[in-house]
file final.txt (compact mmCIF, C-alpha atoms)
# COMPACT_ATOMS: atom_id res chain seq x y z
CA MET W 1349 -57.77 86.54 4.64
CA LYS W 1350 -57.40 90.07 6.01
CA LYS W 1351 -54.33 90.63 3.83
CA PHE W 1352 -56.24 90.09 0.59
CA MET W 1353 -59.17 92.19 1.80
CA GLN W 1354 -56.71 95.00 2.42
CA VAL W 1355 -55.66 94.78 -1.24
CA ALA W 1356 -59.33 94.98 -2.24
CA ILE W 1357 -59.76 98.07 -0.04
CA ALA W 1358 -56.61 99.63 -1.53
CA GLU W 1359 -58.11 99.04 -5.00
CA ALA W 1360 -61.33 100.79 -3.89
CA GLU W 1361 -59.24 103.74 -2.69
CA LYS W 1362 -57.28 103.80 -5.97
CA GLY W 1363 -60.54 103.89 -7.96
CA LEU W 1364 -61.74 106.77 -5.79
CA ARG W 1365 -58.54 108.77 -6.36
CA LYS W 1366 -58.70 108.21 -10.12
CA LYS W 1367 -62.46 108.91 -10.23
CA ALA W 1368 -62.71 105.64 -12.18
CA GLY W 1369 -66.09 104.67 -10.73
CA GLY W 1370 -67.78 103.61 -7.50
CA PRO W 1371 -65.65 103.03 -4.34
CA PHE W 1372 -65.32 99.27 -4.71
CA GLY W 1373 -62.39 96.85 -5.08
CA ALA W 1374 -61.99 93.11 -5.61
CA VAL W 1375 -59.22 90.53 -5.64
CA ILE W 1376 -58.92 86.96 -7.00
CA VAL W 1377 -56.67 84.52 -5.18
CA LEU W 1378 -55.41 81.08 -6.25
CA ASP W 1379 -53.46 78.83 -3.88
CA GLY W 1380 -52.78 81.78 -1.56
CA LYS W 1381 -51.44 83.93 -4.39
CA LEU W 1382 -52.98 87.08 -5.79
CA ILE W 1383 -54.02 86.46 -9.42
CA ALA W 1384 -55.91 89.66 -10.20
CA SER W 1385 -57.03 92.84 -8.47
CA ALA W 1386 -59.37 95.50 -9.81
CA HIS W 1387 -61.56 98.45 -8.96
CA ASN W 1388 -64.84 99.70 -10.36
CA GLU W 1389 -64.32 101.45 -13.74
CA VAL W 1390 -67.89 102.24 -14.80
CA ILE W 1391 -67.16 105.95 -15.25
CA LYS W 1392 -63.63 105.69 -16.67
CA ASN W 1393 -64.67 103.08 -19.27
CA ASN W 1394 -68.20 104.39 -19.86
CA ASP W 1395 -69.31 100.80 -19.29
CA PRO W 1396 -72.05 99.89 -16.78
CA THR W 1397 -70.71 96.32 -16.45
CA CYS W 1398 -67.26 97.32 -15.15
CA HIS W 1399 -67.84 96.56 -11.47
CA ALA W 1400 -64.76 95.58 -9.45
CA GLU W 1401 -65.70 91.87 -9.25
CA ILE W 1402 -66.42 91.64 -13.01
CA GLN W 1403 -63.11 93.34 -13.80
CA ALA W 1404 -61.23 91.01 -11.43
CA ILE W 1405 -62.92 87.89 -12.85
CA ARG W 1406 -62.18 88.99 -16.42
CA ALA W 1407 -58.53 89.70 -15.56
CA ALA W 1408 -58.10 86.37 -13.74
CA ALA W 1409 -59.76 84.39 -16.56
CA LYS W 1410 -57.53 86.12 -19.11
CA LYS W 1411 -54.42 85.43 -17.04
CA LEU W 1412 -55.31 81.76 -16.44
CA LYS W 1413 -56.68 81.35 -20.01
CA ARG W 1414 -59.84 79.62 -18.79
CA PHE W 1415 -63.41 80.55 -17.87
CA ASP W 1416 -63.53 78.03 -15.00
CA LEU W 1417 -62.11 79.62 -11.84
CA SER W 1418 -63.35 76.89 -9.50
CA ASP W 1419 -59.96 76.74 -7.75
CA CYS W 1420 -60.00 80.50 -6.99
CA GLU W 1421 -61.38 82.63 -4.17
CA ILE W 1422 -62.71 86.18 -4.50
CA TYR W 1423 -62.47 89.06 -2.03
CA SER W 1424 -64.76 92.04 -2.50
CA SER W 1425 -64.76 95.22 -0.40
CA CYS W 1426 -68.57 95.21 -0.66
CA GLU W 1427 -71.21 92.49 -0.95
CA PRO W 1428 -71.46 91.77 -4.69
CA CYS W 1429 -74.52 93.09 -6.54
CA PRO W 1430 -76.62 90.42 -8.34
CA MET W 1431 -74.63 90.98 -11.57
CA CYS W 1432 -71.38 90.20 -9.78
CA LEU W 1433 -72.78 87.41 -7.58
CA ALA W 1434 -74.13 85.68 -10.69
CA ALA W 1435 -70.76 86.21 -12.46
CA ILE W 1436 -69.04 84.56 -9.47
CA HIS W 1437 -71.34 81.58 -9.96
CA TRP W 1438 -70.75 81.45 -13.74
CA ALA W 1439 -66.98 81.55 -13.01
CA LYS W 1440 -67.57 78.60 -10.65
CA ILE W 1441 -65.69 80.34 -7.82
CA ARG W 1442 -66.35 78.45 -4.58
CA LYS W 1443 -65.48 81.02 -1.89
CA LEU W 1444 -66.44 84.68 -1.52
CA TYR W 1445 -65.24 87.05 1.20
CA PHE W 1446 -66.99 90.41 1.36
CA GLY W 1447 -66.85 93.46 3.66
CA ALA W 1448 -69.58 96.12 3.49
CA THR W 1449 -73.19 95.07 2.78
CA ARG W 1450 -75.74 95.82 0.04
CA LYS W 1451 -77.43 98.11 2.59
CA ASP W 1452 -74.13 99.99 3.14
CA ALA W 1453 -73.90 100.43 -0.67
CA GLU W 1454 -77.51 101.70 -0.76
CA ASP W 1455 -76.69 104.20 2.00
CA VAL W 1456 -74.07 105.84 -0.25
CA GLY W 1457 -76.28 105.92 -3.35
CA PHE W 1458 -75.98 102.59 -5.18
CA ASP W 1459 -78.86 100.41 -6.42
CA ASP W 1460 -77.53 97.00 -5.31
CA LYS W 1461 -80.35 96.32 -2.84
CA PHE W 1462 -83.03 97.54 -5.25
CA ILE W 1463 -81.77 95.19 -7.97
CA TYR W 1464 -81.76 92.27 -5.51
CA ASP W 1465 -85.37 93.13 -4.69
CA VAL W 1466 -86.31 93.32 -8.39
CA ILE W 1467 -84.77 89.93 -9.12
CA CYS W 1468 -86.54 88.35 -6.16
CA GLY W 1469 -89.87 89.99 -7.01
CA THR W 1470 -90.09 92.08 -3.82
CA ALA W 1471 -89.23 95.54 -5.26
CA LYS W 1472 -91.84 98.25 -4.73
CA LYS W 1473 -90.99 100.06 -7.99
CA LYS W 1474 -90.22 98.84 -11.50
CA GLN W 1475 -87.39 100.14 -13.66
CA VAL W 1476 -87.48 97.70 -16.57
CA SER W 1477 -90.64 96.79 -18.43
CA VAL W 1478 -90.41 93.14 -19.56
CA VAL W 1479 -92.23 91.52 -22.51
CA GLN W 1480 -91.92 87.95 -23.76
CA ILE W 1481 -92.16 87.41 -27.54
CA SER W 1482 -91.20 84.75 -30.12
CA ARG W 1483 -90.47 81.91 -27.66
CA ARG W 1484 -91.02 79.23 -30.31
CA GLU W 1485 -88.44 80.75 -32.70
CA CYS W 1486 -86.01 81.40 -29.83
CA LEU W 1487 -86.11 77.73 -28.83
CA VAL W 1488 -84.56 76.70 -32.17
CA PRO W 1489 -80.92 77.57 -31.29
CA LEU W 1490 -81.40 76.03 -27.82
CA LYS W 1491 -82.53 72.74 -29.38
CA LYS W 1492 -79.60 72.82 -31.80
CA TRP W 1493 -77.25 73.25 -28.82
CA LEU W 1494 -78.87 70.29 -27.04
CA ASN W 1495 -78.34 68.12 -30.11
CA LEU W 1496 -74.71 69.15 -30.72
CA LYS W 1497 -72.53 66.05 -30.45
CA SER W 1498 -69.37 67.94 -29.46
CA LYS W 1499 -69.70 71.01 -27.27
CA THR W 1500 -68.18 72.71 -24.23
CA GLN W 1501 -70.85 73.03 -21.55
CA TYR W 1502 -70.14 75.72 -18.96
CA MET Y 398 -90.37 94.02 -32.37
CA LYS Y 399 -90.19 90.68 -34.18
CA LYS Y 400 -87.58 92.07 -36.59
CA PHE Y 401 -85.08 92.83 -33.83
CA MET Y 402 -85.72 89.50 -32.12
CA GLN Y 403 -84.90 87.82 -35.44
CA VAL Y 404 -81.51 89.57 -35.37
CA ALA Y 405 -80.98 88.29 -31.81
CA ILE Y 406 -81.84 84.74 -32.97
CA ALA Y 407 -79.47 85.09 -35.96
CA GLU Y 408 -76.72 86.11 -33.48
CA ALA Y 409 -77.47 83.01 -31.39
CA GLU Y 410 -77.14 80.88 -34.54
CA LYS Y 411 -73.89 82.63 -35.48
CA GLY Y 412 -72.44 81.91 -32.02
CA LEU Y 413 -73.45 78.26 -32.40
CA ARG Y 414 -71.76 77.96 -35.81
CA LYS Y 415 -68.56 79.56 -34.52
CA LYS Y 416 -68.67 77.53 -31.26
CA ALA Y 417 -68.18 80.87 -29.50
CA GLY Y 418 -70.30 79.95 -26.49
CA GLY Y 419 -73.89 79.17 -25.46
CA PRO Y 420 -76.73 79.52 -28.03
CA PHE Y 421 -77.82 83.03 -27.06
CA GLY Y 422 -78.04 86.38 -28.86
CA ALA Y 423 -78.97 89.94 -27.92
CA VAL Y 424 -79.60 93.26 -29.62
CA ILE Y 425 -79.71 96.88 -28.41
CA VAL Y 426 -82.04 99.31 -30.17
CA LEU Y 427 -82.24 103.11 -29.96
CA ASP Y 428 -85.03 105.06 -31.66
CA GLY Y 429 -85.93 102.06 -33.80
CA LYS Y 430 -82.34 101.61 -34.98
CA LEU Y 431 -80.02 98.71 -34.19
CA ILE Y 432 -77.08 99.99 -32.11
CA ALA Y 433 -75.36 96.72 -31.20
CA SER Y 434 -75.84 92.99 -31.61
CA ALA Y 435 -73.87 90.21 -29.98
CA HIS Y 436 -73.78 86.52 -29.13
CA ASN Y 437 -72.42 84.62 -26.16
CA GLU Y 438 -68.60 84.38 -26.30
CA VAL Y 439 -67.77 82.63 -23.01
CA ILE Y 440 -65.84 79.86 -24.74
CA LYS Y 441 -64.19 81.89 -27.50
CA ASN Y 442 -62.96 84.56 -25.06
CA ASN Y 443 -62.37 82.24 -22.09
CA ASP Y 444 -64.42 84.75 -20.10
CA PRO Y 445 -67.41 83.67 -17.97
CA THR Y 446 -68.93 87.18 -18.15
CA CYS Y 447 -69.29 87.26 -21.95
CA HIS Y 448 -73.01 86.52 -22.14
CA ALA Y 449 -74.85 87.92 -25.17
CA GLU Y 450 -76.59 90.71 -23.21
CA ILE Y 451 -73.35 91.81 -21.49
CA GLN Y 452 -71.55 91.88 -24.85
CA ALA Y 453 -74.39 93.87 -26.44
CA ILE Y 454 -74.51 96.38 -23.54
CA ARG Y 455 -70.73 96.83 -23.64
CA ALA Y 456 -70.79 97.36 -27.41
CA ALA Y 457 -73.68 99.84 -27.23
CA ALA Y 458 -72.09 101.80 -24.35
CA LYS Y 459 -68.81 101.97 -26.28
CA LYS Y 460 -70.59 103.14 -29.44
CA LEU Y 461 -72.67 105.77 -27.63
CA LYS Y 462 -69.74 106.73 -25.33
CA ARG Y 463 -71.92 106.61 -22.20
CA PHE Y 464 -72.86 104.13 -19.47
CA ASP Y 465 -76.45 105.36 -19.32
CA LEU Y 466 -78.54 103.54 -21.94
CA SER Y 467 -81.91 104.67 -20.56
CA ASP Y 468 -83.13 105.56 -24.05
CA CYS Y 469 -82.37 102.08 -25.39
CA GLU Y 470 -84.28 98.80 -25.55
CA ILE Y 471 -82.77 95.31 -25.37
CA TYR Y 472 -83.88 92.13 -27.13
CA SER Y 473 -82.57 88.80 -25.86
CA SER Y 474 -83.25 85.39 -27.41
CA CYS Y 475 -83.50 84.00 -23.86
CA GLU Y 476 -84.62 85.41 -20.52
CA PRO Y 477 -81.52 87.12 -19.10
CA CYS Y 478 -79.72 85.37 -16.24
CA PRO Y 479 -79.37 87.44 -13.02
CA MET Y 480 -75.96 88.75 -14.16
CA CYS Y 481 -77.49 90.12 -17.35
CA LEU Y 482 -80.76 91.30 -15.77
CA ALA Y 483 -78.76 93.25 -13.19
CA ALA Y 484 -76.51 94.65 -15.95
CA ILE Y 485 -79.66 95.81 -17.80
CA HIS Y 486 -80.67 97.65 -14.61
CA TRP Y 487 -77.21 99.19 -14.14
CA ALA Y 488 -77.35 100.33 -17.79
CA LYS Y 489 -80.73 101.92 -16.94
CA ILE Y 490 -82.39 100.24 -19.93
CA ARG Y 491 -86.17 100.59 -19.59
CA LYS Y 492 -87.52 97.87 -21.89
CA LEU Y 493 -86.55 94.21 -22.26
CA TYR Y 494 -87.96 91.77 -24.82
CA PHE Y 495 -87.02 88.14 -24.32
CA GLY Y 496 -87.90 84.82 -26.02
CA ALA Y 497 -87.06 81.52 -24.31
CA THR Y 498 -87.29 81.24 -20.51
CA ARG Y 499 -84.81 80.46 -17.69
CA LYS Y 500 -86.45 77.01 -17.56
CA ASP Y 501 -85.81 76.50 -21.29
CA ALA Y 502 -82.14 77.41 -20.64
CA GLU Y 503 -82.01 74.94 -17.74
CA ASP Y 504 -83.46 72.23 -19.99
CA VAL Y 505 -80.43 72.53 -22.30
CA GLY Y 506 -77.85 72.58 -19.50
CA PHE Y 507 -77.45 76.16 -18.25
CA ASP Y 508 -77.53 77.30 -14.61
CA ASP Y 509 -79.69 80.43 -15.04
CA LYS Y 510 -82.57 79.14 -12.91
CA PHE Y 511 -80.23 77.80 -10.21
CA ILE Y 512 -78.50 81.20 -9.92
CA TYR Y 513 -81.89 82.95 -9.65
CA ASP Y 514 -82.76 80.52 -6.85
CA VAL Y 515 -79.42 81.17 -5.07
CA ILE Y 516 -79.89 84.94 -5.22
CA CYS Y 517 -83.43 84.67 -3.89
CA GLY Y 518 -82.44 82.22 -1.14
CA THR Y 519 -84.55 79.32 -2.44
CA ALA Y 520 -81.79 77.12 -3.92
CA LYS Y 521 -81.52 73.58 -2.54
CA LYS Y 522 -77.75 73.38 -3.03
CA LYS Y 523 -74.93 75.86 -2.43
CA GLN Y 524 -72.09 76.51 -4.87
CA VAL Y 525 -70.40 79.50 -3.24
CA SER Y 526 -69.45 79.65 0.41
CA VAL Y 527 -69.81 83.25 1.65
CA VAL Y 528 -67.97 84.87 4.58
CA GLN Y 529 -68.20 88.49 5.76
CA ILE Y 530 -64.98 90.04 7.13
CA SER Y 531 -63.54 93.52 7.77
CA ARG Y 532 -66.80 95.49 7.34
CA ARG Y 533 -65.48 98.43 9.38
CA GLU Y 534 -62.39 98.87 7.18
CA CYS Y 535 -64.45 98.36 4.00
CA LEU Y 536 -66.81 101.18 4.99
CA VAL Y 537 -63.96 103.73 4.77
CA PRO Y 538 -63.97 104.12 0.94
CA LEU Y 539 -67.79 104.17 0.97
CA LYS Y 540 -67.79 107.07 3.44
CA LYS Y 541 -65.18 108.91 1.36
CA TRP Y 542 -67.44 108.50 -1.68
CA LEU Y 543 -70.42 109.87 0.27
CA ASN Y 544 -68.39 112.93 1.26
CA LEU Y 545 -66.98 113.64 -2.21
CA LYS Y 546 -68.16 117.07 -3.31
CA SER Y 547 -67.93 116.37 -7.03
CA LYS Y 548 -68.77 112.89 -8.27
CA THR Y 549 -70.69 111.05 -10.98
CA GLN Y 550 -73.35 108.88 -9.35
CA TYR Y 551 -74.57 106.01 -11.54
call {"tool": "encode", "arguments": {"input": "final.txt", "output": "structure tokens"}}
result
Amino acid sequence: MKKFMQVAIAEAEKGLRKKAGGPFGAVIVLDGKLIASAHNEVIKNNDPTCHAEIQAIRAAAKKLKRFDLSDCEIYSSCEPCPMCLAAIHWAKIRKLYFGATRKDAEDVGFDDKFIYDVICGTAKKKQVSVVQISRRECLVPLKKWLNLKSKTQY
Amino acid sequence: MKKFMQVAIAEAEKGLRKKAGGPFGAVIVLDGKLIASAHNEVIKNNDPTCHAEIQAIRAAAKKLKRFDLSDCEIYSSCEPCPMCLAAIHWAKIRKLYFGATRKDAEDVGFDDKFIYDVICGTAKKKQVSVVQISRRECLVPLKKWLNLKSKTQY
């Protein structure tokens, strides 16, 4: 366990040196073997979705040629933000090891804890104004999906 | 408003026809102009992170060459899952229009509502087993980030 976390920490350090993004690293492991390792690249890629866990999941899925990583484990140098925790669920990963906490991330300037609070309805401020429109029209593709005879559910 | 949601719905329909992924579409708008539109491509790309909103955010950030989309609005044919809602926050988008709900998505076989429940601690089952290790070592890159004199906070 510690060995893979050290790789995740080394990735975080590499990202720091390269000024690629926030100081975070992640690693995907399958059957005790490292499949993918990544660091945050939000700044380098100009892409707000390039957190370490997302990058590692994308790299592992590409390498394994499948979106189902249910036989993999993920190591993250910091508790995943809600984007990454949800991505871990969508990837069907069953085990997550993490090091620092969302509070530790907040203490060095990142919004992880705030976004958790927003999602759970306990945030004291609001960043995104949300409006629901056109539900009836938006249900049409959902119903078509439900009625598809042959489809890949994920 | 309705006009851009119709583009999002058309993207959802396009994704369905191509069997690219789930029946979802999203659009990013800046100053009343369409900047990016996308559909879910989880199946096509073998990538569990390729939800419509993530694809649209990535495309818009690439086009605008910046990770800060605070002057943009997003339209999604379905309420964003926690991955996408968090990504919208990281992208600093201020306005979200959505159509169908997380319950509508659940009704056609998607885990959006379950993942919300997991993140908020109200889920009745557990998919991911979570273990914290090595916090002290993982704090090292965070402290280095805090002490960096020149950095881009996001």
call {"tool": "interface_residues", "arguments": {"input": "final.txt", "of": "chain Y", "to": "chain W", "cutoff": "7 Å", "atoms": "only C-alpha atoms", "output": "PyMOL selection string"}}
result
chain Y and resi 406+409-410+420+443-446+455+458-459+462-464+474-475+479-481+483-484+487-488+490-497+505+512+517+524-532+535-536+538-539+542-543
call {"tool": "atom_distance", "arguments": {"input": "final.txt", "atom1": "atom CA of Phe1352 of chain W", "atom2": "atom CA of Ala520 of chain Y"}}
result
29.0 Å
call {"tool": "atom_distance", "arguments": {"input": "final.txt", "atom1": "atom CA of Ala1400 of chain W", "atom2": "atom CA of Val1355 of chain W"}}
result
12.3 Å
call {"tool": "atom_distance", "arguments": {"input": "final.txt", "atom1": "atom CA of Asp1419 of chain W", "atom2": "atom CA of Ala1404 of chain W"}}
result
14.8 Å
call {"tool": "build_atoms", "arguments": {"input": "final.txt", "residues": "segment 408-420 of chain Y", "atoms": "N, CA and C atoms", "output": "PDB file, in the frame of the given file"}}
result
ATOM      1  N   GLU Y 408     -77.972  86.046 -34.269  1.00  0.00           N
ATOM      2  CA  GLU Y 408     -76.720  86.110 -33.480  1.00  0.00           C
ATOM      3  C   GLU Y 408     -76.502  84.803 -32.714  1.00  0.00           C
ATOM      4  N   ALA Y 409     -77.575  84.277 -32.114  1.00  0.00           N
ATOM      5  CA  ALA Y 409     -77.470  83.010 -31.390  1.00  0.00           C
ATOM      6  C   ALA Y 409     -76.979  81.908 -32.325  1.00  0.00           C
ATOM      7  N   GLU Y 410     -77.521  81.892 -33.537  1.00  0.00           N
ATOM      8  CA  GLU Y 410     -77.140  80.880 -34.540  1.00  0.00           C
ATOM      9  C   GLU Y 410     -75.675  81.062 -34.968  1.00  0.00           C
ATOM     10  N   LYS Y 411     -75.276  82.323 -35.102  1.00  0.00           N
ATOM     11  CA  LYS Y 411     -73.890  82.630 -35.480  1.00  0.00           C
ATOM     12  C   LYS Y 411     -72.923  82.118 -34.397  1.00  0.00           C
ATOM     13  N   GLY Y 412     -73.267  82.375 -33.139  1.00  0.00           N
ATOM     14  CA  GLY Y 412     -72.440  81.910 -32.020  1.00  0.00           C
ATOM     15  C   GLY Y 412     -72.325  80.395 -32.003  1.00  0.00           C
ATOM     16  N   LEU Y 413     -73.441  79.728 -32.334  1.00  0.00           N
ATOM     17  CA  LEU Y 413     -73.450  78.260 -32.400  1.00  0.00           C
ATOM     18  C   LEU Y 413     -72.492  77.768 -33.491  1.00  0.00           C
ATOM     19  N   ARG Y 414     -72.604  78.378 -34.679  1.00  0.00           N
ATOM     20  CA  ARG Y 414     -71.760  77.960 -35.810  1.00  0.00           C
ATOM     21  C   ARG Y 414     -70.288  78.128 -35.487  1.00  0.00           C
ATOM     22  N   LYS Y 415     -69.966  79.259 -34.832  1.00  0.00           N
ATOM     23  CA  LYS Y 415     -68.560  79.560 -34.520  1.00  0.00           C
ATOM     24  C   LYS Y 415     -68.076  78.840 -33.255  1.00  0.00           C
ATOM     25  N   LYS Y 416     -68.976  78.141 -32.567  1.00  0.00           N
ATOM     26  CA  LYS Y 416     -68.670  77.530 -31.260  1.00  0.00           C
ATOM     27  C   LYS Y 416     -68.079  78.575 -30.296  1.00  0.00           C
ATOM     28  N   ALA Y 417     -68.673  79.764 -30.330  1.00  0.00           N
ATOM     29  CA  ALA Y 417     -68.180  80.870 -29.500  1.00  0.00           C
ATOM     30  C   ALA Y 417     -68.630  80.740 -28.047  1.00  0.00           C
ATOM     31  N   GLY Y 418     -69.778  80.074 -27.847  1.00  0.00           N
ATOM     32  CA  GLY Y 418     -70.300  79.950 -26.490  1.00  0.00           C
ATOM     33  C   GLY Y 418     -71.712  79.397 -26.536  1.00  0.00           C
ATOM     34  N   GLY Y 419     -72.511  79.651 -25.515  1.00  0.00           N
ATOM     35  CA  GLY Y 419     -73.890  79.170 -25.460  1.00  0.00           C
ATOM     36  C   GLY Y 419     -74.742  79.776 -26.582  1.00  0.00           C
ATOM     37  N   PRO Y 420     -75.907  79.159 -26.870  1.00  0.00           N
ATOM     38  CA  PRO Y 420     -76.730  79.520 -28.030  1.00  0.00           C
ATOM     39  C   PRO Y 420     -77.643  80.718 -27.787  1.00  0.00           C
TER      40      PRO Y 420
END
